[in-house]
Amino acid sequence: MTEESNASSRSLSTSEGFNANVVNALQLAKKELDEKKTKANFIRIIMRFPKIKAVFERLRGIHARCDKSGNGEVDVEELTEAMTELFNEGRAEGREPIRPSVVARTLSISEVEGDMGSKKHVLDQKQFIVMCAVGFILAEENKDLSTFGGMLANGDDAYRLAMADVVTAYLSFDRDGKGYFTADEFNGFMTASKRADAAKSFFTDERWAELDVSGDGKVEFEEFVYAFSNWVSNDDDDDDDVTINNNNTAATTTANKMPSSPF
């Protein structure tokens, strides 16, 4: 383990350090995109919703298998048991053993919509997807760290590409990779987009309300993933499908190409 990785792992033991690692992971993703001279393009990601949705459906199935109690929620014990199975299958080759404190903090940060005083320390299906995304970027930033989301990426190209798309979609708004974006940045994306009309049709005031779960005027990565998972689900309105399908059909060819991973 390198000195840099060791310091990163230690910092995961505190809430502040954990959040700092998430930001570092987002900045790494941004750096990779910059080096490839690839701009984060949310409109292109919209074209890939069907492929991302297929991966999210698989994650919902994994959530159901982890939910041994059958109550629709996964707790830290069930999550740790599932991670141990993956670890024993060799899905974290070369990485350190599972750390209970990291599992607990990943679960806690992923419990979007729970007030600080009323969190139940369990994950529903959408929160489970958030947890996978958070774990994915943390494992990309720290090659020694074992996370559920990171282990799922081992040998699963479709999953890896879907998570890379989630990160790229987020960085469409958080251009600096600082860990959050504001309403001004959200609106600025629509103004700067080459397909401004398509962007404005999709990103309504209701979309912003879905994103800003805490109501503090800032959208952090986990809040974004929570809303994003809903946008690609079966619950989307038919009007949204029309918007997506009618947005410059010539872009379909581009959408079907393998995207540049931000990692």
# chains A, B, ... in the order shown; residues from 1 in each chain; ligands from 1
>>> select_by_dssp(residues="segment 172-238 of chain A", states="alpha helix (DSSP H)", output="PyMOL selection string")
chain A and resi 183-192+196-202+205-211+221-231+238
>>> residues_around(residues="Val219 of chain A", least_positions_apart="6", cutoff="12 Å", atoms="only C-alpha atoms", output="NGL selection string")
:A and (112 or 170-171 or 173-174 or 178-186 or 207-213 or 225-228)
>>> write_last_selection(atoms="N, CA, C and O atoms", output="short mmCIF file (atom, residue, chain, number, x, y, z; two decimals), in the first residue's frame")
data_model
loop_
_atom_site.label_atom_id
_atom_site.label_comp_id
_atom_site.auth_asym_id
_atom_site.auth_seq_id
_atom_site.Cartn_x
_atom_site.Cartn_y
_atom_site.Cartn_z
N VAL A 112 -29.82 8.64 1.50
CA VAL A 112 -30.40 9.91 1.07
C VAL A 112 -31.87 9.96 1.48
O VAL A 112 -32.57 8.95 1.43
N TYR A 170 -22.90 13.47 -13.58
CA TYR A 170 -22.77 14.39 -12.44
C TYR A 170 -21.80 15.53 -12.75
O TYR A 170 -22.07 16.70 -12.46
N LEU A 171 -20.67 15.19 -13.38
CA LEU A 171 -19.65 16.21 -13.68
C LEU A 171 -20.10 17.18 -14.77
O LEU A 171 -19.43 18.19 -15.01
N PHE A 173 -22.49 19.01 -14.34
CA PHE A 173 -22.94 20.15 -13.53
C PHE A 173 -21.84 20.63 -12.57
O PHE A 173 -21.62 21.81 -12.43
N ASP A 174 -21.18 19.69 -11.92
CA ASP A 174 -20.08 20.03 -11.02
C ASP A 174 -18.80 20.01 -11.84
O ASP A 174 -18.02 19.06 -11.81
N LYS A 178 -15.92 19.45 -7.20
CA LYS A 178 -15.76 19.89 -5.80
C LYS A 178 -16.69 19.15 -4.83
O LYS A 178 -16.63 19.35 -3.63
N GLY A 179 -17.57 18.31 -5.36
CA GLY A 179 -18.43 17.50 -4.51
C GLY A 179 -19.86 17.97 -4.42
O GLY A 179 -20.67 17.34 -3.74
N TYR A 180 -20.20 19.06 -5.09
CA TYR A 180 -21.58 19.54 -5.11
C TYR A 180 -21.73 20.54 -6.25
O TYR A 180 -20.74 21.04 -6.80
N PHE A 181 -22.99 20.82 -6.62
CA PHE A 181 -23.24 21.92 -7.55
C PHE A 181 -24.48 22.66 -7.08
O PHE A 181 -25.30 22.13 -6.32
N THR A 182 -24.59 23.91 -7.51
CA THR A 182 -25.66 24.79 -7.06
C THR A 182 -26.70 24.97 -8.16
O THR A 182 -26.52 24.52 -9.29
N ALA A 183 -27.78 25.68 -7.81
CA ALA A 183 -28.82 25.97 -8.80
C ALA A 183 -28.27 26.80 -9.94
O ALA A 183 -28.65 26.61 -11.10
N ASP A 184 -27.35 27.72 -9.63
CA ASP A 184 -26.75 28.54 -10.68
C ASP A 184 -25.95 27.68 -11.66
O ASP A 184 -26.01 27.90 -12.88
N GLU A 185 -25.22 26.71 -11.14
CA GLU A 185 -24.45 25.81 -12.01
C GLU A 185 -25.39 24.92 -12.81
O GLU A 185 -25.12 24.62 -13.98
N PHE A 186 -26.46 24.49 -12.18
CA PHE A 186 -27.47 23.68 -12.85
C PHE A 186 -28.06 24.44 -14.03
O PHE A 186 -28.15 23.93 -15.15
N ARG A 207 -37.28 18.82 -11.72
CA ARG A 207 -36.04 18.04 -11.69
C ARG A 207 -35.11 18.58 -10.61
O ARG A 207 -34.46 17.82 -9.88
N TRP A 208 -35.00 19.90 -10.52
CA TRP A 208 -34.14 20.49 -9.50
C TRP A 208 -34.63 20.11 -8.10
O TRP A 208 -33.82 19.79 -7.22
N ALA A 209 -35.92 20.14 -7.91
CA ALA A 209 -36.48 19.77 -6.60
C ALA A 209 -36.14 18.32 -6.26
O ALA A 209 -35.87 18.00 -5.09
N GLU A 210 -36.14 17.45 -7.27
CA GLU A 210 -35.76 16.05 -7.05
C GLU A 210 -34.29 15.95 -6.66
O GLU A 210 -33.92 15.10 -5.83
N LEU A 211 -33.46 16.79 -7.24
CA LEU A 211 -32.03 16.75 -6.97
C LEU A 211 -31.67 17.27 -5.58
O LEU A 211 -30.92 16.63 -4.85
N ASP A 212 -32.23 18.41 -5.24
CA ASP A 212 -31.88 19.05 -3.97
C ASP A 212 -32.70 18.43 -2.83
O ASP A 212 -33.58 19.06 -2.26
N VAL A 213 -32.36 17.20 -2.49
CA VAL A 213 -33.12 16.45 -1.50
C VAL A 213 -33.09 17.13 -0.14
O VAL A 213 -34.10 17.22 0.55
N VAL A 225 -27.13 10.98 -7.59
CA VAL A 225 -27.34 9.59 -7.99
C VAL A 225 -28.73 9.12 -7.58
O VAL A 225 -29.39 8.39 -8.33
N TYR A 226 -29.19 9.57 -6.43
CA TYR A 226 -30.52 9.18 -5.94
C TYR A 226 -31.59 9.63 -6.94
O TYR A 226 -32.48 8.85 -7.30
N ALA A 227 -31.52 10.89 -7.40
CA ALA A 227 -32.49 11.39 -8.38
C ALA A 227 -32.27 10.75 -9.74
O ALA A 227 -33.22 10.36 -10.43
N PHE A 228 -31.01 10.61 -10.13
CA PHE A 228 -30.67 10.05 -11.44
C PHE A 228 -31.23 8.64 -11.59
O PHE A 228 -31.73 8.26 -12.66
#
>>> select_by_dssp(residues="segment 65-215 of chain A", states="strand (DSSP E or B)", output="list in words")
Val74, Asp75, Val122, Leu123, Tyr180, Phe181 and Thr182 of chain A
>>> residues_around(residues="Lys39 of chain A", least_positions_apart="3", cutoff="9 Å", atoms="only C-alpha atoms", output="list in words")
Leu33, Asp34, Lys36, Thr168, Leu171 and Ser172 of chain A
>>> closest_residue(among="A:Val166, A:Ile46, A:Leu86, A:Ala29", to="Phe203 of chain A", atoms="only C-alpha atoms")
A:Ile46
>>> closest_residue(among="A:Asn88, A:Thr204, A:Thr191, A:Ser110", to="Ser146 of chain A", atoms="only C-alpha atoms")
A:Asn88
>>> residues_around(residues="segment 103-105 of chain A", least_positions_apart="5", cutoff="9 Å", atoms="only C-alpha atoms", output="PyMOL selection string")
chain A and resi 12-15+18+76+79-80+98+110+121+147-148
>>> write_last_selection(atoms="all heavy atoms", output="mmCIF file, in the first residue's frame")
data_model
loop_
_atom_site.group_PDB
_atom_site.id
_atom_site.type_symbol
_atom_site.label_atom_id
_atom_site.label_comp_id
_atom_site.auth_asym_id
_atom_site.auth_seq_id
_atom_site.Cartn_x
_atom_site.Cartn_y
_atom_site.Cartn_z
ATOM 1 N N LEU A 12 -10.739 7.613 5.950
ATOM 2 C CA LEU A 12 -12.092 7.092 5.778
ATOM 3 C C LEU A 12 -12.763 6.786 7.113
ATOM 4 O O LEU A 12 -13.964 6.558 7.171
ATOM 5 C CB LEU A 12 -12.057 5.816 4.929
ATOM 6 C CG LEU A 12 -11.834 6.010 3.426
ATOM 7 C CD1 LEU A 12 -11.445 4.688 2.785
ATOM 8 C CD2 LEU A 12 -13.061 6.579 2.758
ATOM 9 N N SER A 13 -12.000 6.802 8.183
ATOM 10 C CA SER A 13 -12.551 6.473 9.494
ATOM 11 C C SER A 13 -13.348 7.625 10.097
ATOM 12 O O SER A 13 -14.041 7.438 11.092
ATOM 13 C CB SER A 13 -11.424 6.072 10.464
ATOM 14 O OG SER A 13 -10.528 7.152 10.665
ATOM 15 N N THR A 14 -13.263 8.811 9.496
ATOM 16 C CA THR A 14 -14.040 9.952 9.976
ATOM 17 C C THR A 14 -15.010 10.403 8.892
ATOM 18 O O THR A 14 -14.777 10.164 7.704
ATOM 19 C CB THR A 14 -13.133 11.139 10.354
ATOM 20 O OG1 THR A 14 -12.523 11.665 9.160
ATOM 21 C CG2 THR A 14 -12.046 10.707 11.330
ATOM 22 N N SER A 15 -16.091 11.068 9.307
ATOM 23 C CA SER A 15 -17.081 11.546 8.341
ATOM 24 C C SER A 15 -16.462 12.554 7.384
ATOM 25 O O SER A 15 -16.685 12.503 6.168
ATOM 26 C CB SER A 15 -18.262 12.186 9.089
ATOM 27 O OG SER A 15 -19.196 12.713 8.178
ATOM 28 N N PHE A 18 -14.118 10.768 4.997
ATOM 29 C CA PHE A 18 -14.867 9.986 4.019
ATOM 30 C C PHE A 18 -15.360 10.895 2.897
ATOM 31 O O PHE A 18 -15.207 10.583 1.712
ATOM 32 C CB PHE A 18 -16.050 9.296 4.698
ATOM 33 C CG PHE A 18 -16.710 8.251 3.850
ATOM 34 C CD1 PHE A 18 -16.383 6.913 3.992
ATOM 35 C CD2 PHE A 18 -17.659 8.599 2.900
ATOM 36 C CE1 PHE A 18 -16.989 5.938 3.207
ATOM 37 C CE2 PHE A 18 -18.266 7.645 2.112
ATOM 38 C CZ PHE A 18 -17.931 6.303 2.261
ATOM 39 N N VAL A 76 -26.626 -3.069 7.583
ATOM 40 C CA VAL A 76 -25.168 -3.192 7.510
ATOM 41 C C VAL A 76 -24.725 -4.647 7.625
ATOM 42 O O VAL A 76 -23.738 -5.051 6.989
ATOM 43 C CB VAL A 76 -24.488 -2.310 8.588
ATOM 44 C CG1 VAL A 76 -24.771 -2.837 9.991
ATOM 45 C CG2 VAL A 76 -22.997 -2.186 8.336
ATOM 46 N N LEU A 79 -25.393 -6.261 4.247
ATOM 47 C CA LEU A 79 -24.448 -5.728 3.265
ATOM 48 C C LEU A 79 -23.061 -6.337 3.474
ATOM 49 O O LEU A 79 -22.399 -6.736 2.511
ATOM 50 C CB LEU A 79 -24.378 -4.205 3.390
ATOM 51 C CG LEU A 79 -23.432 -3.478 2.431
ATOM 52 C CD1 LEU A 79 -23.803 -3.774 0.987
ATOM 53 C CD2 LEU A 79 -23.478 -1.969 2.692
ATOM 54 N N THR A 80 -22.641 -6.420 4.710
ATOM 55 C CA THR A 80 -21.331 -7.000 5.008
ATOM 56 C C THR A 80 -21.273 -8.470 4.592
ATOM 57 O O THR A 80 -20.266 -8.944 4.054
ATOM 58 C CB THR A 80 -21.019 -6.867 6.509
ATOM 59 O OG1 THR A 80 -21.061 -5.491 6.888
ATOM 60 C CG2 THR A 80 -19.635 -7.425 6.827
ATOM 61 N N ILE A 98 -12.217 -6.347 3.950
ATOM 62 C CA ILE A 98 -13.373 -5.471 4.169
ATOM 63 C C ILE A 98 -13.236 -4.795 5.531
ATOM 64 O O ILE A 98 -12.935 -5.446 6.529
ATOM 65 C CB ILE A 98 -14.681 -6.273 4.108
ATOM 66 C CG1 ILE A 98 -14.850 -6.871 2.700
ATOM 67 C CG2 ILE A 98 -15.880 -5.409 4.461
ATOM 68 C CD1 ILE A 98 -15.905 -7.948 2.634
ATOM 69 N N SER A 110 -25.093 7.035 1.911
ATOM 70 C CA SER A 110 -26.002 6.661 0.825
ATOM 71 C C SER A 110 -27.463 6.715 1.240
ATOM 72 O O SER A 110 -28.354 6.607 0.387
ATOM 73 C CB SER A 110 -25.672 5.240 0.328
ATOM 74 O OG SER A 110 -24.322 5.151 -0.074
ATOM 75 N N HIS A 121 -30.242 3.492 9.165
ATOM 76 C CA HIS A 121 -29.058 2.714 8.809
ATOM 77 C C HIS A 121 -29.425 1.484 7.986
ATOM 78 O O HIS A 121 -28.901 0.388 8.193
ATOM 79 C CB HIS A 121 -28.266 2.334 10.063
ATOM 80 C CG HIS A 121 -27.886 3.513 10.903
ATOM 81 N ND1 HIS A 121 -26.998 4.473 10.467
ATOM 82 C CD2 HIS A 121 -28.304 3.894 12.128
ATOM 83 C CE1 HIS A 121 -26.874 5.405 11.398
ATOM 84 N NE2 HIS A 121 -27.663 5.082 12.411
ATOM 85 N N THR A 147 -14.766 -2.153 -1.614
ATOM 86 C CA THR A 147 -16.124 -1.642 -1.458
ATOM 87 C C THR A 147 -17.066 -2.523 -2.262
ATOM 88 O O THR A 147 -16.645 -3.200 -3.205
ATOM 89 C CB THR A 147 -16.265 -0.187 -1.960
ATOM 90 O OG1 THR A 147 -16.085 -0.168 -3.385
ATOM 91 C CG2 THR A 147 -15.247 0.741 -1.294
ATOM 92 N N PHE A 148 -18.328 -2.499 -1.907
ATOM 93 C CA PHE A 148 -19.312 -3.299 -2.640
ATOM 94 C C PHE A 148 -19.375 -2.845 -4.095
ATOM 95 O O PHE A 148 -19.311 -3.662 -5.027
ATOM 96 C CB PHE A 148 -20.686 -3.165 -1.970
ATOM 97 C CG PHE A 148 -21.693 -4.159 -2.470
ATOM 98 C CD1 PHE A 148 -21.795 -5.410 -1.888
ATOM 99 C CD2 PHE A 148 -22.554 -3.848 -3.508
ATOM 100 C CE1 PHE A 148 -22.729 -6.341 -2.341
ATOM 101 C CE2 PHE A 148 -23.485 -4.764 -3.974
ATOM 102 C CZ PHE A 148 -23.573 -6.020 -3.384
#
>>> atom_distance(atom1="atom CA of Gly217 of chain A", atom2="atom CA of Glu32 of chain A")
27.9 Å
>>> atom_distance(atom1="atom CA of Glu223 of chain A", atom2="atom CA of Val130 of chain A")
8.2 Å
>>> closest_residue(among="A:Ile129, A:Met83, A:Val102, A:Ile52", to="Asp157 of chain A", atoms="only C-alpha atoms")
A:Ile52
>>> closest_residue(among="A:Ser69, A:Gln127, A:Gln27, A:Asn19", to="Phe224 of chain A", atoms="only C-alpha atoms")
A:Gln127
>>> atom_distance(atom1="atom CA of Lys120 of chain A", atom2="atom CA of Ala64 of chain A")
18.1 Å
